[in-house]
Amino acid sequence: MNYWTQSNKNIYVAAHRGFCAKFPENTMLAFREAVKLGVDQIETDVRITRDGELVLIHDATLERTTNGSGKVCNYTLAELKLLDAGRGEQIPTLRELFELVKDHPAMTLDLEFKEYPVSGWENVAYSTCDKIIAMVEEFNFADRCVINSFNQKLNEYVYKTYNGRYKQHLFYPESVLQTEGCELPIYSFGYCACVFRGELSVEEVNEFHKKTGIRIWAPASVKDEEAIDAALELGIELITCNNPDEVLEILRRKGLHK
């Protein structure tokens with residue numbers, strides 16, 4: 001099955017941390033509500049617990065999104081499951097999300113690897129990466145996933161270790177990436193890149209696309225019609241968003257979502 005039929009005439013919509021504008025981010029509630037809307041993709045963040053379990057939470061610490069405190073990596077899964085992640089929801093595991101997605105055969109996934117190979121954490125970062133990919137393979141989701149990280153050294157690890165098997169989600173411009181310790185040219189591999197427009201011109205983005213062949217996606221800062229129109233000028237094929245209900249409505253009205 002070809003999961004990747006997005007184009008500038010059929011813009012995919014990815015629910016950023018689930019339907020997080022109205023439901024607690026990175027919870028099963030937010031993921032289920034996003035699926036109900038008919039999104040094309042779920043985007044989420046993956047971290048590791050003290051006992052080696054894969055959990056879905058953006059921050060390294062618990063304070064912002066739960067009633068807990070301290071670092072995620074200092075807790076076991078059982079301890080994290082006792083916390084309230086909003087509306088009585090728990091911090092979910094990657095396996096829980098995969099169990100949901102397997103019942104929606106057209107759904108794609110964007111997995112952001114949050115454990116970075118910084119000094120003293122390299123082994124944890126790489127082993128977490130390998131655990132995630134092992135679970136992707138267990139569920140036979142390789143063709144349905146893009147893998148992303150703001151740490152380019154980790155992106156390189158995925159590319160080299162798995163021989164380019166996975167679609168990789170990069171970011172543009174280069175200044176938004178952590179590139180210390182990289183060996184390969186930044187955009188020598190990659191399936192897509194979220195473009196943080198800022199001061200970038202349409203011409204610059206078009207040149208980047210022409211030079212690299214990397215597909216252009218829009219980040220979660222795109223949330224209203226004005227921002228969507230600006231993103232469309234860049235030739236984007238996917239919008240990552242917190243409010244997929246509104247983004248889908250706008251795109252459907254424009255005839256840009258099938």
# chains A, B, ... in the order shown; residues from 1 in each chain; ligands from 1
$ closest_atom_pairs --of "stretch 28-69 of chain A" --to "stretch 227-249 of chain A" --cutoff "10 Å" --atoms "only C-alpha atoms" --output "CSV"
residue,atom,partner,partner_atom,distance
A:Glu33,CA,A:Asp245,CA,9.8
A:Ala34,CA,A:Pro244,CA,7.2
A:Lys36,CA,A:Asp245,CA,9.9
A:Leu37,CA,A:Asp245,CA,6.6
A:Gly38,CA,A:Leu248,CA,8.5
A:Val39,CA,A:Pro244,CA,7.1
A:Asp40,CA,A:Leu238,CA,9.2
A:Gln41,CA,A:Thr240,CA,8.6
A:Ile42,CA,A:Thr240,CA,8.9
A:Glu43,CA,A:Thr240,CA,7.7
$ write_last_selection --atoms "C-alpha atoms" --output "compact mmCIF listing (two decimals), in the first residue's frame"
# COMPACT_ATOMS: atom_id res chain seq x y z
CA GLU A 33 -10.06 12.38 18.87
CA ALA A 34 -7.59 13.16 16.08
CA LYS A 36 -12.10 10.62 14.58
CA LEU A 37 -11.50 13.83 12.62
CA GLY A 38 -9.94 11.93 9.73
CA VAL A 39 -6.36 13.18 10.02
CA ASP A 40 -3.72 11.56 7.86
CA GLN A 41 -1.04 11.35 10.49
CA ILE A 42 -0.37 11.32 14.23
CA GLU A 43 2.77 13.12 15.40
$ residues_around --residues "stretch 118-126 of chain A" --least-positions-apart "4" --cutoff "9 Å" --atoms "only C-alpha atoms" --output "PDB file with N, CA and C atoms, in the first residue's frame"
ATOM      1  N   ILE A  48      12.201   7.570  27.097  1.00  0.00           N
ATOM      2  CA  ILE A  48      12.453   6.298  27.768  1.00  0.00           C
ATOM      3  C   ILE A  48      12.283   6.461  29.274  1.00  0.00           C
ATOM      4  N   PHE A 113      12.047  11.441  18.037  1.00  0.00           N
ATOM      5  CA  PHE A 113      12.934  10.830  19.020  1.00  0.00           C
ATOM      6  C   PHE A 113      13.483  11.934  19.917  1.00  0.00           C
ATOM      7  N   LYS A 114      13.175  11.867  21.207  1.00  0.00           N
ATOM      8  CA  LYS A 114      13.508  12.952  22.124  1.00  0.00           C
ATOM      9  C   LYS A 114      14.737  12.695  22.993  1.00  0.00           C
ATOM     10  N   ASP A 130      16.967   2.349  18.973  1.00  0.00           N
ATOM     11  CA  ASP A 130      16.859   0.968  18.516  1.00  0.00           C
ATOM     12  C   ASP A 130      15.594   0.295  19.048  1.00  0.00           C
ATOM     13  N   LYS A 131      15.210   0.617  20.279  1.00  0.00           N
ATOM     14  CA  LYS A 131      13.979   0.057  20.849  1.00  0.00           C
ATOM     15  C   LYS A 131      12.752   0.526  20.062  1.00  0.00           C
ATOM     16  N   LEU A 154      21.640  12.173  15.782  1.00  0.00           N
ATOM     17  CA  LEU A 154      20.736  11.029  15.933  1.00  0.00           C
ATOM     18  C   LEU A 154      20.098  10.671  14.596  1.00  0.00           C
ATOM     19  N   TYR A 157      22.533   8.644  12.790  1.00  0.00           N
ATOM     20  CA  TYR A 157      22.606   7.289  13.340  1.00  0.00           C
ATOM     21  C   TYR A 157      21.531   6.405  12.720  1.00  0.00           C
ATOM     22  N   VAL A 158      20.298   6.921  12.637  1.00  0.00           N
ATOM     23  CA  VAL A 158      19.207   6.156  12.041  1.00  0.00           C
ATOM     24  C   VAL A 158      19.522   5.830  10.579  1.00  0.00           C
TER      25      VAL A 158
END
$ residues_around --residues "A:Glu99" --least-positions-apart "5" --cutoff "12 Å" --atoms "only C-alpha atoms" --output "list of chain:residue names"
A:Met28, A:Phe31, A:Arg32, A:Pro92, A:Thr93, A:Leu94, A:His104, A:Pro105, A:Met135, A:Val136, A:Glu138, A:Phe139, A:Asn140, A:Phe141
$ write_last_selection --atoms "C-alpha atoms" --output "PDB file, in the first residue's frame"
ATOM      1  CA  MET A  28      -4.702   8.484  24.102  1.00  0.00           C
ATOM      2  CA  PHE A  31      -4.926  10.593  19.629  1.00  0.00           C
ATOM      3  CA  ARG A  32      -8.390   9.029  19.450  1.00  0.00           C
ATOM      4  CA  PRO A  92       0.650   6.505  27.192  1.00  0.00           C
ATOM      5  CA  THR A  93       3.198   4.081  25.867  1.00  0.00           C
ATOM      6  CA  LEU A  94       4.277   3.821  22.248  1.00  0.00           C
ATOM      7  CA  HIS A 104      -6.708   2.386  11.048  1.00  0.00           C
ATOM      8  CA  PRO A 105      -4.753   0.973   8.112  1.00  0.00           C
ATOM      9  CA  MET A 135       8.689  -1.867  17.888  1.00  0.00           C
ATOM     10  CA  VAL A 136       8.019  -0.249  14.507  1.00  0.00           C
ATOM     11  CA  GLU A 138       7.174  -5.613  15.322  1.00  0.00           C
ATOM     12  CA  PHE A 139       3.989  -3.866  14.161  1.00  0.00           C
ATOM     13  CA  ASN A 140       5.121  -3.819  10.506  1.00  0.00           C
ATOM     14  CA  PHE A 141       4.839  -0.022  10.455  1.00  0.00           C
TER      15      PHE A 141
END
$ atom_distance --atom1 "atom CA of A:Leu111" --atom2 "atom CA of A:Leu56"
9.6 Å
$ closest_residue --among "A:Ser188, A:Val35, A:Thr212, A:Tyr75" --to "A:Val101" --atoms "only C-alpha atoms"
A:Val35
$ select_by_dssp --residues "stretch 150-236 of chain A" --states "helix (DSSP H, G or I)" --output "ChimeraX atom specification"
/A:152-161,174-176,202-212,225-233
$ residues_around --residues "A:Thr65" --least-positions-apart "2" --cutoff "8 Å" --atoms "only C-alpha atoms" --output "PyMOL selection string"
chain A and resi 24-25+62-63+67+85-86
$ write_last_selection --atoms "N, CA, C and O atoms" --output "PDB file, in the first residue's frame"
ATOM      1  N   PRO A  24      -5.725  16.953  26.185  1.00  0.00           N
ATOM      2  CA  PRO A  24      -4.366  16.930  26.731  1.00  0.00           C
ATOM      3  C   PRO A  24      -3.373  16.293  25.752  1.00  0.00           C
ATOM      4  O   PRO A  24      -3.604  15.192  25.253  1.00  0.00           O
ATOM      5  N   GLU A  25      -2.297  17.006  25.501  1.00  0.00           N
ATOM      6  CA  GLU A  25      -1.346  16.579  24.473  1.00  0.00           C
ATOM      7  C   GLU A  25      -0.717  15.227  24.788  1.00  0.00           C
ATOM      8  O   GLU A  25      -0.488  14.864  25.941  1.00  0.00           O
ATOM      9  N   LEU A  62       8.251  16.508  33.965  1.00  0.00           N
ATOM     10  CA  LEU A  62       6.826  16.204  34.068  1.00  0.00           C
ATOM     11  C   LEU A  62       5.933  17.395  34.374  1.00  0.00           C
ATOM     12  O   LEU A  62       4.711  17.322  34.188  1.00  0.00           O
ATOM     13  N   GLU A  63       6.502  18.481  34.834  1.00  0.00           N
ATOM     14  CA  GLU A  63       5.698  19.554  35.414  1.00  0.00           C
ATOM     15  C   GLU A  63       4.659  20.160  34.473  1.00  0.00           C
ATOM     16  O   GLU A  63       3.523  20.435  34.880  1.00  0.00           O
ATOM     17  N   ASN A  67       0.687  16.140  36.690  1.00  0.00           N
ATOM     18  CA  ASN A  67       0.734  16.592  38.079  1.00  0.00           C
ATOM     19  C   ASN A  67       1.952  16.053  38.816  1.00  0.00           C
ATOM     20  O   ASN A  67       2.036  16.116  40.046  1.00  0.00           O
ATOM     21  N   ALA A  85      -2.205  13.147  33.377  1.00  0.00           N
ATOM     22  CA  ALA A  85      -1.692  13.922  32.248  1.00  0.00           C
ATOM     23  C   ALA A  85      -2.758  14.857  31.684  1.00  0.00           C
ATOM     24  O   ALA A  85      -2.612  15.387  30.584  1.00  0.00           O
ATOM     25  N   GLY A  86      -3.833  15.085  32.472  1.00  0.00           N
ATOM     26  CA  GLY A  86      -4.928  15.957  32.043  1.00  0.00           C
ATOM     27  C   GLY A  86      -6.209  15.192  31.836  1.00  0.00           C
ATOM     28  O   GLY A  86      -6.193  14.145  31.178  1.00  0.00           O
TER      29      GLY A  86
END
$ atom_distance --atom1 "atom CA of A:Lys210" --atom2 "atom CA of A:Pro185"
16.2 Å
$ residues_around --residues "A:Gly181" --least-positions-apart "6" --cutoff "10 Å" --atoms "only C-alpha atoms" --output "mmCIF file with C-alpha atoms, in the first residue's frame"
data_model
loop_
_atom_site.group_PDB
_atom_site.id
_atom_site.type_symbol
_atom_site.label_atom_id
_atom_site.label_comp_id
_atom_site.auth_asym_id
_atom_site.auth_seq_id
_atom_site.Cartn_x
_atom_site.Cartn_y
_atom_site.Cartn_z
ATOM 1 C CA PRO A 117 23.102 11.648 22.073
ATOM 2 C CA VAL A 118 24.563 14.491 24.097
ATOM 3 C CA ASN A 151 19.368 16.341 16.794
ATOM 4 C CA GLN A 152 21.047 15.682 13.464
ATOM 5 C CA LYS A 153 23.622 13.311 14.945
ATOM 6 C CA LEU A 154 20.736 11.029 15.933
ATOM 7 C CA GLU A 156 22.545 10.288 11.014
#
$ residues_around --residues "A:Cys73" --least-positions-apart "5" --cutoff "9 Å" --atoms "only C-alpha atoms" --output "list in words"
Arg47, Ile48, Thr49, Arg50, Asp51, Gly52, Ala60 and Thr61 of chain A
$ residues_around --residues "A:Tyr159" --least-positions-apart "4" --cutoff "9 Å" --atoms "only C-alpha atoms" --output "list in words"
Leu154, Asn155, Asn163, Gly164, Arg165, Tyr166, Gln168, Phe189 and Gly190 of chain A
$ write_last_selection --atoms "N, CA and C atoms" --output "PDB file, in the first residue's frame"
ATOM      1  N   LEU A 154      21.640  12.173  15.782  1.00  0.00           N
ATOM      2  CA  LEU A 154      20.736  11.029  15.933  1.00  0.00           C
ATOM      3  C   LEU A 154      20.098  10.671  14.596  1.00  0.00           C
ATOM      4  N   ASN A 155      19.744  11.679  13.810  1.00  0.00           N
ATOM      5  CA  ASN A 155      19.220  11.401  12.475  1.00  0.00           C
ATOM      6  C   ASN A 155      20.221  10.618  11.639  1.00  0.00           C
ATOM      7  N   ASN A 163      20.536   1.696   7.134  1.00  0.00           N
ATOM      8  CA  ASN A 163      20.796   1.709   5.688  1.00  0.00           C
ATOM      9  C   ASN A 163      19.734   2.457   4.879  1.00  0.00           C
ATOM     10  N   GLY A 164      19.289   3.577   5.429  1.00  0.00           N
ATOM     11  CA  GLY A 164      18.338   4.413   4.704  1.00  0.00           C
ATOM     12  C   GLY A 164      16.953   3.818   4.554  1.00  0.00           C
ATOM     13  N   ARG A 165      16.629   2.830   5.373  1.00  0.00           N
ATOM     14  CA  ARG A 165      15.333   2.132   5.254  1.00  0.00           C
ATOM     15  C   ARG A 165      14.161   3.033   5.604  1.00  0.00           C
ATOM     16  N   TYR A 166      14.371   3.995   6.487  1.00  0.00           N
ATOM     17  CA  TYR A 166      13.256   4.774   7.017  1.00  0.00           C
ATOM     18  C   TYR A 166      13.169   6.160   6.403  1.00  0.00           C
ATOM     19  N   GLN A 168      12.926   9.882   6.704  1.00  0.00           N
ATOM     20  CA  GLN A 168      13.385  10.740   7.789  1.00  0.00           C
ATOM     21  C   GLN A 168      12.935  12.179   7.598  1.00  0.00           C
ATOM     22  N   PHE A 189      20.428  13.310   3.051  1.00  0.00           N
ATOM     23  CA  PHE A 189      19.380  12.298   3.175  1.00  0.00           C
ATOM     24  C   PHE A 189      18.172  13.005   3.792  1.00  0.00           C
ATOM     25  N   GLY A 190      17.036  12.393   3.683  1.00  0.00           N
ATOM     26  CA  GLY A 190      15.820  12.992   4.242  1.00  0.00           C
ATOM     27  C   GLY A 190      14.680  12.871   3.258  1.00  0.00           C
TER      28      GLY A 190
END
$ closest_residue --among "A:Ser201, A:Thr76, A:Asn148, A:Asn8" --to "A:Pro173" --atoms "only C-alpha atoms"
A:Ser201
$ select_by_dssp --residues "stretch 52-250 of chain A" --states "strand (DSSP E or B)" --output "MDAnalysis selection string"
chainID A and resid 54:56 61 71 93 108:113 145:148 151 167:172 178 192:195 215:218 238:241
$ write_last_selection --atoms "C-alpha atoms" --output "short mmCIF file (atom, residue, chain, number, x, y, z; two decimals), in the first residue's frame"
data_model
loop_
_atom_site.label_atom_id
_atom_site.label_comp_id
_atom_site.auth_asym_id
_atom_site.auth_seq_id
_atom_site.Cartn_x
_atom_site.Cartn_y
_atom_site.Cartn_z
CA LEU A 54 8.85 3.80 25.63
CA VAL A 55 6.46 6.58 26.64
CA LEU A 56 4.87 9.48 24.75
CA THR A 61 10.34 16.80 32.80
CA LYS A 71 12.61 13.97 34.97
CA THR A 93 3.20 4.08 25.87
CA THR A 108 0.67 7.35 9.10
CA LEU A 109 2.92 8.25 12.02
CA ASP A 110 5.59 10.86 12.70
CA LEU A 111 7.76 9.72 15.59
CA GLU A 112 9.99 12.35 17.17
CA PHE A 113 12.93 10.83 19.02
CA CYS A 145 6.33 6.08 9.61
CA VAL A 146 8.57 9.05 9.31
CA ILE A 147 11.24 9.44 11.96
CA ASN A 148 12.40 12.82 13.14
CA ASN A 151 19.37 16.34 16.79
CA LYS A 167 11.70 7.99 5.80
CA GLN A 168 13.38 10.74 7.79
CA HIS A 169 11.86 14.05 8.72
CA LEU A 170 14.40 16.88 8.89
CA PHE A 171 14.03 20.63 9.46
CA TYR A 172 14.94 23.76 7.51
CA GLN A 178 21.48 20.58 16.54
CA CYS A 192 10.76 15.69 4.15
CA ALA A 193 11.58 18.84 6.08
CA CYS A 194 9.38 21.10 8.14
CA VAL A 195 10.20 24.61 7.00
CA ARG A 215 9.40 17.30 0.39
CA ILE A 216 8.27 20.52 2.07
CA TRP A 217 6.07 20.24 5.17
CA ALA A 218 4.68 22.93 7.48
CA LEU A 238 1.61 18.36 4.85
CA ILE A 239 0.62 20.57 7.75
CA THR A 240 1.46 19.56 11.31
CA CYS A 241 -1.04 21.29 13.57
#
